[in-house]
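Participant: Got a structure for you, questions after.
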Amino acid sequence: MIPIKQIASLVFVILFISCKKSGCNFVSNIIVNKTLTLEKSLIVSKAQGWVYDEGGRCGLILYNNGDRVLAFDRCASEDSYLNNKLEVEGMEAVDPLSGARWLLYDGSPSYLAECPLYQYRVMKSGNLYVISN
């Protein structure tokens, strides 16, 4: 007969090993307060228009979903390496290392990803877009 202490220890070890870091606690400690150039602003002023830009932790993806312009951080998560930037493929952002995908319409996960993309605020000022957090 197996003692209860051994069973409890085995259950604890299995639970500890099976736990993984989870949660969507991506917090950008980078302050973003920038205005897009007129050239980039014109590109994203059209539905499904998008551009990469500097800023955020790994750079930014600006995307016009037809209703408004959204700004996403190019890091897939807090753990992302600075050289691992999301890439735009059609209407999705793709992590080239893991294959995870997010819809650019709203930043929601579409394949393998658990958390939405981190978003910055976008305001229109005349013909330009201002991105901030």
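Residue numbering restarts at 1 in every chain; chains get A, B, ... in the order shown in the structure tokens, and ligands count up from 1 in that same order.
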Quick one: residues within 12 Å of A:Ser108, only C-alpha atoms, excluding same-chain residues fewer than 6 positions away - as a PyMOL selection string?
Facilitator: chain A and resi 24+72+76+91-94+100-102+114-119
Participant: Mind checking which residues fall within 10 Å of stretch 58-66 of chain A, counting only C-alpha atoms, ignoring those fewer than 3 positions away in the same chain, and posting them as an mmCIF file with N, CA and C atoms, in the first residue's frame?
Facilitator:
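Resulting contents of selection10.cif:
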```cif
data_model
loop_
_atom_site.group_PDB
_atom_site.id
_atom_site.type_symbol
_atom_site.label_atom_id
_atom_site.label_comp_id
_atom_site.auth_asym_id
_atom_site.auth_seq_id
_atom_site.Cartn_x
_atom_site.Cartn_y
_atom_site.Cartn_z
ATOM 1 N N LEU A 36 2.781 60.016 -36.549
ATOM 2 C CA LEU A 36 3.217 59.388 -37.801
ATOM 3 C C LEU A 36 3.558 60.447 -38.832
ATOM 4 N N LYS A 40 3.228 57.932 -43.947
ATOM 5 C CA LYS A 40 2.672 56.759 -43.268
ATOM 6 C C LYS A 40 1.216 56.985 -42.896
ATOM 7 N N SER A 41 0.867 58.210 -42.524
ATOM 8 C CA SER A 41 -0.521 58.520 -42.200
ATOM 9 C C SER A 41 -1.431 58.301 -43.403
ATOM 10 N N ILE A 43 -0.951 56.163 -45.834
ATOM 11 C CA ILE A 43 -1.068 54.717 -46.072
ATOM 12 C C ILE A 43 -2.132 54.111 -45.165
ATOM 13 N N VAL A 44 -2.111 54.470 -43.866
ATOM 14 C CA VAL A 44 -3.077 53.872 -42.934
ATOM 15 C C VAL A 44 -4.436 54.561 -42.957
ATOM 16 N N SER A 45 -4.578 55.609 -43.723
ATOM 17 C CA SER A 45 -5.883 56.265 -43.801
ATOM 18 C C SER A 45 -6.868 55.464 -44.650
ATOM 19 N N LYS A 46 -6.382 54.495 -45.403
ATOM 20 C CA LYS A 46 -7.233 53.647 -46.244
ATOM 21 C C LYS A 46 -7.515 52.324 -45.541
ATOM 22 N N ALA A 47 -8.719 51.779 -45.723
ATOM 23 C CA ALA A 47 -9.093 50.503 -45.116
ATOM 24 C C ALA A 47 -8.089 49.413 -45.492
ATOM 25 N N GLN A 48 -7.693 48.621 -44.536
ATOM 26 C CA GLN A 48 -6.696 47.548 -44.623
ATOM 27 C C GLN A 48 -5.282 48.069 -44.916
ATOM 28 N N GLY A 49 -5.080 49.380 -44.825
ATOM 29 C CA GLY A 49 -3.739 49.936 -44.958
ATOM 30 C C GLY A 49 -2.966 49.695 -43.668
ATOM 31 N N TRP A 50 -1.685 49.405 -43.789
ATOM 32 C CA TRP A 50 -0.882 49.172 -42.590
ATOM 33 C C TRP A 50 0.562 49.602 -42.832
ATOM 34 N N VAL A 51 1.255 49.918 -41.746
ATOM 35 C CA VAL A 51 2.678 50.257 -41.793
ATOM 36 C C VAL A 51 3.339 49.793 -40.507
ATOM 37 N N TYR A 52 4.641 49.564 -40.597
ATOM 38 C CA TYR A 52 5.470 49.372 -39.413
ATOM 39 C C TYR A 52 6.009 50.750 -39.036
ATOM 40 N N ASP A 53 6.247 50.960 -37.748
ATOM 41 C CA ASP A 53 6.856 52.201 -37.312
ATOM 42 C C ASP A 53 7.672 51.933 -36.056
ATOM 43 N N GLU A 54 8.518 52.885 -35.720
ATOM 44 C CA GLU A 54 9.324 52.788 -34.500
ATOM 45 C C GLU A 54 8.449 53.091 -33.299
ATOM 46 N N GLY A 55 8.856 52.595 -32.135
ATOM 47 C CA GLY A 55 8.139 52.859 -30.895
ATOM 48 C C GLY A 55 7.746 51.576 -30.213
ATOM 49 N N VAL A 69 -8.066 53.344 -37.019
ATOM 50 C CA VAL A 69 -6.653 52.936 -37.070
ATOM 51 C C VAL A 69 -6.256 52.445 -35.680
ATOM 52 N N LEU A 70 -5.632 51.277 -35.640
ATOM 53 C CA LEU A 70 -5.167 50.667 -34.401
ATOM 54 C C LEU A 70 -3.644 50.592 -34.415
ATOM 55 N N ALA A 71 -3.029 50.681 -33.236
ATOM 56 C CA ALA A 71 -1.570 50.553 -33.105
ATOM 57 C C ALA A 71 -1.273 49.409 -32.148
ATOM 58 N N PHE A 72 -0.534 48.411 -32.638
ATOM 59 C CA PHE A 72 -0.162 47.247 -31.836
ATOM 60 C C PHE A 72 1.347 47.208 -31.655
ATOM 61 N N ASP A 73 1.789 46.726 -30.493
ATOM 62 C CA ASP A 73 3.209 46.486 -30.276
ATOM 63 C C ASP A 73 3.595 45.262 -31.103
ATOM 64 N N ARG A 74 4.791 45.286 -31.720
ATOM 65 C CA ARG A 74 5.227 44.156 -32.536
ATOM 66 C C ARG A 74 5.749 42.990 -31.711
ATOM 67 N N CYS A 75 5.870 43.146 -30.386
ATOM 68 C CA CYS A 75 6.227 42.024 -29.517
ATOM 69 C C CYS A 75 4.988 41.175 -29.290
ATOM 70 N N ALA A 76 5.158 39.869 -29.426
ATOM 71 C CA ALA A 76 4.033 38.973 -29.193
ATOM 72 C C ALA A 76 3.690 38.872 -27.709
ATOM 73 N N SER A 80 9.052 38.238 -25.464
ATOM 74 C CA SER A 80 9.589 38.306 -26.829
ATOM 75 C C SER A 80 10.975 38.934 -26.853
ATOM 76 N N TYR A 81 11.792 38.350 -27.661
ATOM 77 C CA TYR A 81 13.114 38.910 -27.869
ATOM 78 C C TYR A 81 12.985 40.106 -28.805
ATOM 79 N N LEU A 82 13.838 41.095 -28.643
ATOM 80 C CA LEU A 82 13.741 42.293 -29.467
ATOM 81 C C LEU A 82 13.919 42.006 -30.947
ATOM 82 N N ASN A 83 14.627 40.909 -31.281
ATOM 83 C CA ASN A 83 14.809 40.596 -32.700
ATOM 84 C C ASN A 83 13.682 39.704 -33.224
ATOM 85 N N ASN A 84 12.745 39.346 -32.383
ATOM 86 C CA ASN A 84 11.600 38.535 -32.796
ATOM 87 C C ASN A 84 10.377 39.434 -32.901
ATOM 88 N N LYS A 85 10.193 40.023 -34.063
ATOM 89 C CA LYS A 85 9.094 40.958 -34.275
ATOM 90 C C LYS A 85 7.987 40.300 -35.079
ATOM 91 N N LEU A 86 6.754 40.648 -34.729
ATOM 92 C CA LEU A 86 5.611 40.163 -35.495
ATOM 93 C C LEU A 86 5.669 40.721 -36.903
ATOM 94 N N GLU A 87 5.165 39.938 -37.841
ATOM 95 C CA GLU A 87 5.130 40.348 -39.241
ATOM 96 C C GLU A 87 3.692 40.327 -39.725
ATOM 97 N N VAL A 88 3.341 41.269 -40.583
ATOM 98 C CA VAL A 88 1.993 41.330 -41.138
ATOM 99 C C VAL A 88 1.904 40.388 -42.332
ATOM 100 N N MET A 91 -4.353 40.014 -43.245
ATOM 101 C CA MET A 91 -5.038 40.725 -42.169
ATOM 102 C C MET A 91 -4.681 40.149 -40.802
ATOM 103 N N ALA A 93 -1.278 39.404 -37.853
ATOM 104 C CA ALA A 93 0.100 39.556 -37.393
ATOM 105 C C ALA A 93 0.578 38.157 -37.039
ATOM 106 N N LEU A 103 -5.521 38.503 -35.202
ATOM 107 C CA LEU A 103 -6.288 39.281 -36.171
ATOM 108 C C LEU A 103 -5.964 40.757 -35.985
ATOM 109 N N LEU A 104 -5.625 41.422 -37.076
ATOM 110 C CA LEU A 104 -5.327 42.843 -36.994
ATOM 111 C C LEU A 104 -6.592 43.681 -36.854
ATOM 112 N N TYR A 105 -7.744 43.093 -37.090
ATOM 113 C CA TYR A 105 -8.999 43.833 -36.932
ATOM 114 C C TYR A 105 -9.142 44.382 -35.511
ATOM 115 N N ASP A 106 -8.721 43.551 -34.516
ATOM 116 C CA ASP A 106 -8.861 43.974 -33.119
ATOM 117 C C ASP A 106 -7.732 43.478 -32.212
ATOM 118 N N TYR A 118 -0.830 43.826 -27.511
ATOM 119 C CA TYR A 118 -0.848 45.044 -26.714
ATOM 120 C C TYR A 118 -1.141 46.220 -27.648
ATOM 121 N N GLN A 119 -2.128 47.044 -27.265
ATOM 122 C CA GLN A 119 -2.537 48.180 -28.107
ATOM 123 C C GLN A 119 -2.164 49.506 -27.477
ATOM 124 N N TYR A 120 -1.845 50.448 -28.343
ATOM 125 C CA TYR A 120 -1.629 51.836 -27.950
ATOM 126 C C TYR A 120 -2.803 52.662 -28.460
ATOM 127 N N VAL A 122 -4.649 55.618 -30.464
ATOM 128 C CA VAL A 122 -4.420 56.341 -31.722
ATOM 129 C C VAL A 122 -5.477 57.429 -31.829
ATOM 130 N N TYR A 129 -1.698 60.937 -37.592
ATOM 131 C CA TYR A 129 -2.132 60.094 -36.491
ATOM 132 C C TYR A 129 -1.117 60.215 -35.360
ATOM 133 N N ILE A 131 0.109 58.528 -31.778
ATOM 134 C CA ILE A 131 0.082 57.273 -31.025
ATOM 135 C C ILE A 131 0.616 57.549 -29.626
#
```
